[in-house]
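Coordinates from final.cif are shown below (mmCIF, C-alpha atoms and all ligand atoms).
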data_upload
loop_
_atom_site.label_atom_id
_atom_site.label_comp_id
_atom_site.auth_asym_id
_atom_site.auth_seq_id
_atom_site.Cartn_x
_atom_site.Cartn_y
_atom_site.Cartn_z
CA MET F 4 -16.48 -11.25 -22.15
CA LYS F 5 -16.55 -14.90 -21.32
CA ILE F 6 -13.03 -16.26 -20.74
CA ILE F 7 -13.80 -19.43 -22.68
CA ASP F 8 -14.24 -17.31 -25.84
CA LYS F 9 -10.72 -15.93 -25.38
CA LEU F 10 -9.25 -19.36 -24.72
CA ARG F 11 -10.61 -20.67 -28.01
CA GLU F 12 -8.67 -18.03 -29.99
CA GLU F 13 -5.59 -19.25 -31.86
CA ARG F 14 -3.16 -17.13 -29.88
CA ILE F 15 -1.19 -17.12 -26.65
CA HIS F 16 -2.98 -15.88 -23.53
CA ILE F 17 -1.30 -15.17 -20.23
CA SER F 18 -3.45 -14.48 -17.17
CA PHE F 19 -2.60 -13.48 -13.60
CA GLU F 20 -4.04 -13.92 -10.12
CA VAL F 21 -4.49 -11.51 -7.24
CA PHE F 22 -5.81 -12.13 -3.75
CA PRO F 23 -7.89 -9.73 -1.64
CA PRO F 24 -6.38 -8.23 1.51
CA LYS F 25 -6.77 -10.11 4.79
CA THR F 26 -7.85 -6.88 6.52
CA GLU F 27 -9.50 -3.72 5.18
CA ALA F 28 -6.28 -1.85 6.04
CA GLY F 29 -4.47 -3.68 3.24
CA PHE F 30 -7.03 -2.81 0.57
CA ASP F 31 -5.25 0.13 -1.09
CA LYS F 32 -2.00 -1.81 -1.39
CA VAL F 33 -3.76 -4.71 -3.10
CA MET F 34 -5.51 -2.33 -5.48
CA GLU F 35 -2.21 -0.67 -6.34
CA ALA F 36 -0.66 -4.07 -7.13
CA THR F 37 -3.74 -5.04 -9.16
CA GLU F 38 -3.53 -1.87 -11.23
CA LYS F 39 0.14 -2.54 -12.02
CA ILE F 40 -0.66 -6.13 -13.00
CA ALA F 41 -3.53 -4.92 -15.23
CA ARG F 42 -1.09 -2.65 -17.08
CA LEU F 43 0.65 -5.81 -18.34
CA THR F 44 -2.55 -6.41 -20.39
CA PRO F 45 -3.17 -10.01 -19.35
CA ALA F 46 -5.99 -12.01 -20.95
CA TYR F 47 -7.73 -11.80 -17.58
CA ILE F 48 -7.07 -11.47 -13.87
CA SER F 49 -8.49 -13.93 -11.37
CA VAL F 50 -9.40 -12.86 -7.84
CA THR F 51 -9.23 -15.48 -5.11
CA TYR F 52 -11.84 -16.03 -2.41
CA GLY F 53 -10.94 -16.34 1.26
CA ALA F 54 -12.77 -19.53 2.16
CA GLY F 55 -15.58 -18.38 4.44
CA GLY F 56 -13.55 -15.46 5.76
CA GLY F 57 -14.92 -12.00 6.39
CA THR F 58 -12.94 -10.51 3.52
CA SER F 59 -14.54 -12.67 0.84
CA LYS F 60 -16.87 -9.81 -0.10
CA ASN F 61 -13.82 -8.02 -1.49
CA THR F 62 -13.49 -10.64 -4.22
CA ALA F 63 -16.58 -9.34 -6.03
CA LYS F 64 -15.54 -5.73 -5.45
CA ILE F 65 -12.03 -6.24 -6.87
CA ALA F 66 -13.21 -8.41 -9.80
CA SER F 67 -15.76 -5.76 -10.71
CA TYR F 68 -13.17 -2.96 -10.47
CA ILE F 69 -10.75 -4.87 -12.73
CA LYS F 70 -13.43 -5.32 -15.37
CA ARG F 71 -15.06 -1.89 -15.26
CA GLU F 72 -12.24 0.47 -14.36
CA LEU F 73 -9.12 -1.31 -15.59
CA ASN F 74 -10.71 -2.74 -18.75
CA VAL F 75 -9.27 -6.19 -18.19
CA GLU F 76 -11.53 -9.25 -18.04
CA SER F 77 -11.82 -10.77 -14.58
CA ILE F 78 -12.92 -13.99 -12.94
CA ALA F 79 -14.15 -14.20 -9.37
CA HIS F 80 -13.25 -17.32 -7.40
CA LEU F 81 -16.02 -18.71 -5.22
CA THR F 82 -15.75 -21.47 -2.61
CA CYS F 83 -18.72 -23.27 -1.08
CA VAL F 84 -17.70 -25.64 1.69
CA SER F 85 -17.74 -23.28 4.64
CA SER F 86 -20.88 -21.32 3.69
CA THR F 87 -24.55 -22.23 3.68
CA LYS F 88 -26.29 -22.73 0.35
CA GLU F 89 -28.21 -19.51 0.97
CA GLU F 90 -24.99 -17.53 1.50
CA VAL F 91 -23.49 -18.97 -1.68
CA ARG F 92 -26.65 -18.12 -3.67
CA LYS F 93 -26.42 -14.52 -2.45
CA VAL F 94 -22.80 -14.23 -3.61
CA ILE F 95 -23.70 -15.59 -7.05
CA ALA F 96 -26.62 -13.14 -7.31
CA ASN F 97 -24.30 -10.28 -6.37
CA LEU F 98 -21.73 -11.31 -9.00
CA LYS F 99 -24.49 -11.35 -11.59
CA GLU F 100 -25.68 -7.91 -10.53
CA LEU F 101 -22.13 -6.56 -10.86
CA GLY F 102 -21.89 -7.89 -14.40
CA ILE F 103 -19.22 -10.50 -13.60
CA GLU F 104 -19.41 -13.14 -16.34
CA ASN F 105 -16.77 -15.61 -15.12
CA ILE F 106 -16.64 -17.66 -11.90
CA LEU F 107 -13.97 -20.13 -10.77
CA ALA F 108 -16.06 -22.61 -8.80
CA LEU F 109 -14.27 -24.33 -5.92
CA ARG F 110 -15.04 -26.43 -2.93
CA GLY F 111 -12.42 -24.65 -0.80
CA ASP F 112 -10.23 -26.17 1.87
CA ILE F 113 -11.91 -27.50 4.98
CA PRO F 114 -10.29 -25.78 8.00
CA ALA F 115 -8.64 -28.32 10.34
CA GLY F 116 -11.11 -29.56 12.95
CA ALA F 117 -14.08 -27.75 11.36
CA GLN F 118 -17.47 -29.40 11.87
CA PHE F 119 -20.18 -28.06 9.58
CA PRO F 120 -23.82 -29.10 9.88
CA SER F 121 -24.25 -31.37 6.87
CA GLY F 122 -27.69 -30.54 5.38
CA ASP F 123 -27.45 -26.99 4.19
CA ARG F 124 -24.19 -26.92 2.21
CA PHE F 125 -22.58 -27.84 -1.04
CA HIS F 126 -19.98 -30.48 -0.20
CA TYR F 127 -18.09 -30.62 -3.49
CA ALA F 128 -17.33 -28.20 -6.28
CA TYR F 129 -19.58 -30.09 -8.73
CA GLU F 130 -22.64 -29.18 -6.63
CA LEU F 131 -21.63 -25.52 -6.67
CA ILE F 132 -21.21 -25.71 -10.44
CA GLN F 133 -24.73 -27.11 -10.81
CA GLU F 134 -26.03 -24.20 -8.71
CA ILE F 135 -24.14 -21.55 -10.72
CA ARG F 136 -25.46 -23.06 -13.97
CA LYS F 137 -29.00 -22.73 -12.58
CA GLN F 138 -28.49 -19.08 -11.67
CA GLY F 139 -27.26 -17.63 -14.92
CA ASP F 140 -25.24 -17.67 -18.08
CA PHE F 141 -21.76 -17.65 -16.49
CA CYS F 142 -18.52 -18.99 -17.91
CA ILE F 143 -17.40 -21.48 -15.25
CA GLY F 144 -13.82 -22.46 -14.49
CA ALA F 145 -12.76 -25.15 -12.01
CA ALA F 146 -9.59 -26.51 -10.42
CA CYS F 147 -7.62 -29.65 -11.28
CA TYR F 148 -4.54 -31.31 -9.86
CA PRO F 149 -1.84 -32.81 -12.10
CA GLU F 150 -0.23 -34.50 -9.08
CA GLY F 151 -3.61 -35.54 -7.62
CA HIS F 152 -5.57 -33.66 -4.96
CA VAL F 153 -3.88 -33.93 -1.55
CA GLU F 154 -6.96 -35.53 0.06
CA ASN F 155 -7.32 -38.22 -2.56
CA GLU F 156 -5.18 -41.28 -2.23
CA HIS F 157 -5.91 -42.65 -5.70
CA LYS F 158 -5.29 -40.63 -8.86
CA VAL F 159 -7.89 -42.67 -10.74
CA ASP F 160 -10.60 -41.47 -8.35
CA ASP F 161 -9.38 -37.91 -8.75
CA ILE F 162 -9.85 -38.10 -12.51
CA LYS F 163 -13.22 -39.83 -12.14
CA TYR F 164 -14.44 -36.97 -9.91
CA LEU F 165 -12.89 -34.40 -12.21
CA LYS F 166 -14.90 -35.84 -15.11
CA GLN F 167 -18.07 -35.68 -13.00
CA LYS F 168 -17.29 -32.04 -12.18
CA VAL F 169 -16.59 -31.05 -15.78
CA ASP F 170 -19.78 -32.78 -16.96
CA CYS F 171 -21.77 -30.52 -14.64
CA GLY F 172 -20.90 -27.58 -16.89
CA VAL F 173 -17.25 -26.53 -16.54
CA ASP F 174 -15.93 -24.46 -19.46
CA PHE F 175 -12.23 -24.64 -18.58
CA LEU F 176 -9.84 -25.90 -15.91
CA THR F 177 -6.87 -24.31 -14.18
CA THR F 178 -4.26 -26.55 -12.60
CA GLN F 179 -2.73 -26.48 -9.18
CA MET F 180 0.91 -25.36 -9.31
CA PHE F 181 3.49 -27.90 -10.50
CA PHE F 182 7.23 -27.62 -11.10
CA ASP F 183 7.89 -30.47 -13.48
CA ASN F 184 6.18 -30.05 -16.85
CA ASP F 185 6.31 -33.78 -17.58
CA ILE F 186 3.82 -34.29 -14.77
CA HIS F 187 1.47 -31.90 -16.57
CA TYR F 188 1.88 -33.58 -19.96
CA ASN F 189 1.17 -36.94 -18.37
CA PHE F 190 -1.92 -35.53 -16.62
CA LEU F 191 -3.22 -34.07 -19.90
CA TYR F 192 -2.83 -37.45 -21.55
CA ARG F 193 -4.77 -39.19 -18.76
CA ILE F 194 -7.65 -36.71 -18.62
CA ARG F 195 -8.06 -36.66 -22.42
CA GLU F 196 -8.22 -40.48 -22.29
CA ALA F 197 -10.97 -40.11 -19.67
CA GLY F 198 -12.96 -37.91 -22.06
CA ILE F 199 -12.23 -34.51 -20.45
CA THR F 200 -11.82 -32.20 -23.41
CA VAL F 201 -12.17 -28.63 -22.02
CA PRO F 202 -9.15 -26.27 -22.15
CA VAL F 203 -6.70 -26.74 -19.26
CA LEU F 204 -4.58 -23.80 -18.14
CA PRO F 205 -1.34 -24.75 -16.41
CA GLY F 206 -1.01 -22.74 -13.19
CA ILE F 207 2.56 -21.51 -12.83
CA MET F 208 3.81 -20.32 -9.46
CA PRO F 209 7.05 -18.31 -9.50
CA ILE F 210 8.83 -19.35 -6.30
CA THR F 211 11.13 -16.58 -5.15
CA SER F 212 12.00 -17.58 -1.57
CA ALA F 213 12.60 -20.66 0.55
CA ALA F 214 9.66 -19.74 2.80
CA GLN F 215 7.33 -19.55 -0.18
CA MET F 216 8.50 -22.95 -1.36
CA LYS F 217 7.72 -24.49 2.04
CA ARG F 218 4.23 -22.94 2.07
CA SER F 219 3.52 -24.12 -1.47
CA GLN F 220 4.58 -27.65 -0.63
CA GLU F 221 2.36 -27.75 2.46
CA LEU F 222 -0.61 -26.38 0.54
CA SER F 223 -0.46 -28.47 -2.59
CA GLY F 224 1.73 -31.47 -1.75
CA THR F 225 3.68 -30.77 -4.95
CA VAL F 226 6.98 -32.49 -5.65
CA PHE F 227 9.90 -30.19 -6.35
CA PRO F 228 12.30 -31.62 -8.95
CA ARG F 229 16.02 -31.96 -8.26
CA ARG F 230 16.77 -29.07 -10.64
CA PHE F 231 14.62 -26.74 -8.52
CA LEU F 232 16.07 -28.00 -5.23
CA ALA F 233 19.60 -27.28 -6.51
CA ILE F 234 18.56 -23.68 -7.22
CA LEU F 235 17.12 -23.35 -3.73
CA ASP F 236 20.24 -24.87 -2.14
CA ARG F 237 22.52 -22.52 -3.99
CA PHE F 238 20.53 -19.25 -3.89
CA GLY F 239 17.97 -19.71 -1.09
CA ASP F 240 19.92 -17.50 1.31
CA SER F 241 20.34 -14.59 -1.13
CA PRO F 242 16.89 -13.01 -1.58
CA GLU F 243 17.66 -11.10 -4.79
CA ALA F 244 19.46 -14.05 -6.41
CA MET F 245 16.63 -16.41 -5.43
CA LYS F 246 14.10 -13.99 -6.86
CA GLN F 247 15.94 -13.85 -10.17
CA ALA F 248 16.33 -17.63 -10.29
CA GLY F 249 12.64 -18.18 -9.40
CA ILE F 250 11.55 -15.85 -12.21
CA ALA F 251 13.88 -17.64 -14.64
CA TYR F 252 12.57 -21.06 -13.55
CA ALA F 253 8.93 -20.02 -14.05
CA THR F 254 9.81 -18.44 -17.42
CA ASP F 255 11.55 -21.63 -18.49
CA GLN F 256 8.52 -23.72 -17.52
CA ILE F 257 6.23 -21.40 -19.52
CA ILE F 258 8.44 -21.43 -22.62
CA ASP F 259 8.52 -25.22 -22.56
CA LEU F 260 4.71 -25.38 -22.24
CA LEU F 261 4.23 -22.92 -25.10
CA ALA F 262 6.78 -24.77 -27.25
CA ASN F 263 4.76 -27.94 -26.69
CA GLY F 264 1.57 -26.45 -28.05
CA ILE F 265 -0.11 -25.05 -24.94
CA ARG F 266 -1.55 -21.60 -25.65
CA ASN F 267 -3.04 -20.48 -22.34
CA ILE F 268 -1.03 -20.02 -19.15
CA HIS F 269 -2.16 -18.81 -15.73
CA ILE F 270 0.47 -17.25 -13.46
CA TYR F 271 0.00 -17.17 -9.69
CA SER F 272 1.33 -13.64 -9.45
CA MET F 273 0.50 -13.32 -5.73
CA ASN F 274 0.00 -9.52 -5.77
CA LYS F 275 3.60 -9.06 -6.93
CA PRO F 276 3.57 -6.89 -10.07
CA GLU F 277 7.36 -6.79 -10.27
CA ILE F 278 7.48 -10.57 -10.67
CA ALA F 279 4.61 -10.64 -13.17
CA SER F 280 6.31 -7.86 -15.10
CA ALA F 281 9.72 -9.59 -15.15
CA ILE F 282 8.14 -12.76 -16.57
CA MET F 283 6.24 -10.81 -19.23
CA GLN F 284 9.47 -9.04 -20.16
CA ASN F 285 11.14 -12.43 -20.62
CA LEU F 286 8.27 -13.50 -22.88
CA SER F 287 7.91 -10.24 -24.80
CA GLU F 288 8.64 -11.69 -28.26
CA ILE F 289 7.37 -15.18 -27.52
CA VAL F 290 3.80 -14.06 -26.75
CA LYS F 291 3.61 -12.42 -30.18
CA CYS F 292 3.87 -15.82 -31.89
CA GLN F 293 0.45 -16.73 -33.29
CA GLY F 294 -1.10 -20.12 -33.93
P1 LIG F 301 -13.52 -30.68 -5.50
O1 LIG F 301 -13.48 -30.73 -6.97
O2 LIG F 301 -14.87 -30.71 -4.85
O3 LIG F 301 -12.61 -31.86 -4.94
C1 LIG F 301 -12.23 -31.90 -3.57
C2 LIG F 301 -11.85 -33.34 -3.17
O4 LIG F 301 -13.01 -34.16 -3.17
C3 LIG F 301 -10.88 -34.01 -4.16
O5 LIG F 301 -10.05 -34.88 -3.43
C4 LIG F 301 -11.81 -34.79 -5.09
O6 LIG F 301 -11.17 -35.90 -5.72
C5 LIG F 301 -12.89 -35.23 -4.11
N1 LIG F 301 -14.21 -35.37 -4.73
C6 LIG F 301 -14.76 -34.56 -5.68
N2 LIG F 301 -15.99 -34.98 -6.00
C7 LIG F 301 -16.25 -36.07 -5.20
C8 LIG F 301 -17.38 -36.94 -5.04
N3 LIG F 301 -18.48 -36.80 -5.79
N4 LIG F 301 -17.30 -37.94 -4.10
C9 LIG F 301 -16.17 -38.11 -3.34
N5 LIG F 301 -15.06 -37.30 -3.47
C10 LIG F 301 -15.11 -36.31 -4.38
N6 LIG F 301 -9.09 -22.15 -2.29
C11 LIG F 301 -9.69 -21.07 -1.72
O7 LIG F 301 -10.07 -21.14 -0.53
N7 LIG F 301 -9.86 -19.91 -2.42
C12 LIG F 301 -9.49 -19.78 -3.71
O8 LIG F 301 -9.69 -18.73 -4.31
C13 LIG F 301 -8.86 -20.90 -4.35
N8 LIG F 301 -8.47 -20.84 -5.65
C14 LIG F 301 -7.94 -21.95 -6.25
C15 LIG F 301 -7.59 -21.89 -7.61
C16 LIG F 301 -7.03 -22.99 -8.25
C17 LIG F 301 -6.69 -22.92 -9.70
C18 LIG F 301 -6.78 -24.19 -7.51
C19 LIG F 301 -6.12 -25.37 -8.19
C20 LIG F 301 -7.12 -24.26 -6.16
C21 LIG F 301 -7.71 -23.16 -5.53
N9 LIG F 301 -8.09 -23.19 -4.18
C22 LIG F 301 -8.69 -22.09 -3.58
C23 LIG F 301 -7.87 -24.41 -3.37
C24 LIG F 301 -9.07 -25.37 -3.42
O9 LIG F 301 -10.19 -24.78 -2.81
C25 LIG F 301 -8.66 -26.65 -2.68
O10 LIG F 301 -7.67 -27.34 -3.40
C26 LIG F 301 -9.80 -27.59 -2.26
O11 LIG F 301 -9.25 -28.54 -1.35
C27 LIG F 301 -10.43 -28.37 -3.41
O12 LIG F 301 -11.24 -27.62 -4.19
P2 LIG F 301 -11.89 -28.21 -5.54
O13 LIG F 301 -12.79 -27.18 -6.09
O14 LIG F 301 -10.85 -28.78 -6.41
O15 LIG F 301 -12.79 -29.40 -4.90
#
Here is the file; what I need is its structure written in the form of structure tokens.
Amino acid sequence: MKIIDKLREERIHISFEVFPPKTEAGFDKVMEATEKIARLTPAYISVTYGAGGGTSKNTAKIASYIKRELNVESIAHLTCVSSTKEEVRKVIANLKELGIENILALRGDIPAGAQFPSGDRFHYAYELIQEIRKQGDFCIGAACYPEGHVENEHKVDDIKYLKQKVDCGVDFLTTQMFFDNDIHYNFLYRIREAGITVPVLPGIMPITSAAQMKRSQELSGTVFPRRFLAILDRFGDSPEAMKQAGIAYATDQIIDLLANGIRNIHIYSMNKPEIASAIMQNLSEIVKCQG
């Protein structure tokens, strides 16, 4: 099923994300985590794509397994910047052959110091989206950044390029993680003003350790609000307490988003079924609310 058809329903949808193992040795562990996450009956599970890495073939394999064997809809991420156009076309053809209907189309991060020959590649996500549209009837998701993309100095440009990307055939957007919902509400206002009308799923990252917070900040450039920093100061050295507080913080963010009329939420569950499960437990009655 196409994810966009789910997102249009008048009900709450929660989705999760898993990432493939870095080495083949980790495959079984990832599959075990994925199976546990699937048992929480999310609207769909997304499977990330290691930008240009040797394990990216596992994305298609895992997404196909989720759909066929676990009976949960899946979306395969696909990045383009560190592959040739021919390589990208092959991946899309393979996804089609496997019956994958949903692709999250991304540029991917450019590895520090990388020099790619310029001619034979897609340089931005919008070009990849045009290519996917040519190759088949996929539902296409793309990324957006409530705090602005780290490489872009001006938020206005970010929204201008986002509009260009969406106009190439994006069905829905998923946001980068953020920890202050007001930033998201403000972003929604600005993109709607710019004429971007597709559904936008807030991406919620449960932060359960100080190390994870540091990594997230480096990756996304996100600003952590004072309220979150106080939690980290107080509980950062007690792993179990920090885990509980991180789950509560993410739950609180989700409840606020739902209370403000957002129906679809994506959780960066990071192959941690116990965290996904704790959040779903906290939302057990809330997700039953229709409309
Ligand atoms: P783009 O939309 O191409 O934008 C990249 C930059 O270029 C932005 O600064 C944008 O403003 C600018 N830009 C866009 N179009 C133009 C133009 N025409 N001219 C000039 N500048 C332009 N990474 C992975 O490696 N694997 C994953 O699985 C993965 N999943 C992700 C899922 C989500 C929901 C999100 C939010 C991010 C994910 N990422 C993933 C990270 C992502 O690949 C990086 O953030 C990457 O730097 C940007 O990708 P993009 O698709 O947003 O790029």
Could you list the protein, DNA and RNA residues that have any atom within 6 Å of ligand LIG 301 (chain F), counting all atoms listed in the file, and write them as a PDB file with C-alpha atoms, in the frame of the given file?
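Saved the output as result-v6.pdb:
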ATOM      1  CA  THR F  51      -9.230 -15.480  -5.110  1.00  0.00           C
ATOM      2  CA  TYR F  52     -11.840 -16.030  -2.410  1.00  0.00           C
ATOM      3  CA  GLY F  53     -10.940 -16.340   1.260  1.00  0.00           C
ATOM      4  CA  ALA F  54     -12.770 -19.530   2.160  1.00  0.00           C
ATOM      5  CA  HIS F  80     -13.250 -17.320  -7.400  1.00  0.00           C
ATOM      6  CA  LEU F 109     -14.270 -24.330  -5.920  1.00  0.00           C
ATOM      7  CA  ARG F 110     -15.040 -26.430  -2.930  1.00  0.00           C
ATOM      8  CA  GLY F 111     -12.420 -24.650  -0.800  1.00  0.00           C
ATOM      9  CA  ASP F 112     -10.230 -26.170   1.870  1.00  0.00           C
ATOM     10  CA  TYR F 127     -18.090 -30.620  -3.490  1.00  0.00           C
ATOM     11  CA  ALA F 128     -17.330 -28.200  -6.280  1.00  0.00           C
ATOM     12  CA  ALA F 146      -9.590 -26.510 -10.420  1.00  0.00           C
ATOM     13  CA  CYS F 147      -7.620 -29.650 -11.280  1.00  0.00           C
ATOM     14  CA  HIS F 152      -5.570 -33.660  -4.960  1.00  0.00           C
ATOM     15  CA  GLU F 154      -6.960 -35.530   0.060  1.00  0.00           C
ATOM     16  CA  ASN F 155      -7.320 -38.220  -2.560  1.00  0.00           C
ATOM     17  CA  ASP F 161      -9.380 -37.910  -8.750  1.00  0.00           C
ATOM     18  CA  TYR F 164     -14.440 -36.970  -9.910  1.00  0.00           C
ATOM     19  CA  THR F 177      -6.870 -24.310 -14.180  1.00  0.00           C
ATOM     20  CA  THR F 178      -4.260 -26.550 -12.600  1.00  0.00           C
ATOM     21  CA  GLN F 179      -2.730 -26.480  -9.180  1.00  0.00           C
TER      22      GLN F 179
END
Residue nearest F:Gln138 among F:Val153, F:Ile48, F:Leu98, F:Ala244 (counting only C-alpha atoms): F:Leu98
Selected residue, from F:Val21, F:Ile7, F:Leu101, F:Leu204, that lies nearest to F:Glu38 when counting all atoms listed in the file: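 Closest to F:Glu38, using all atoms listed in the file: F:Val21.
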For F:Asn105, the nearest of the candidates F:Lys70, F:Lys158, F:Lys32, F:Arg237, counting all atoms listed in the file: F:Lys70
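Minimum atom-to-atom distance to F:Glu20, evaluated using only C-alpha atoms, belongs to F:Gly206 out of F:Gly249, F:Gly122, F:Pro228, F:Gly206.
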Gap from atom CA of F:Glu12 to atom CA of F:Pro202 - Å, one decimal: 11.4 Å
With all atoms of stretch 263-270 of chain F from the file as input, state the centre and edge lengths in Å to one decimal of the axis-aligned box that has 3 Å extra on each side, as JSON.
{"center_x": 0.9, "center_y": -22.6, "center_z": -20.8, "size_x": 13.8, "size_y": 16.7, "size_z": 20.6}
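Nearest to F:Leu131 of all the residues F:Ala66, F:Ile162, F:Ala145, F:Cys83 is F:Cys83, based on all atoms listed in the file.
Shortest separation to F:Val173 among F:Thr82, F:Pro114, F:Ser223, F:Ala108 occurs at residue F:Ala108, atoms counted being all atoms listed in the file.
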Atomic distance atom CA of F:Ser59 - atom CA of F:Lys25, expressed in Å with one decimal: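 Between these atoms lies a distance of 9.1 Å.
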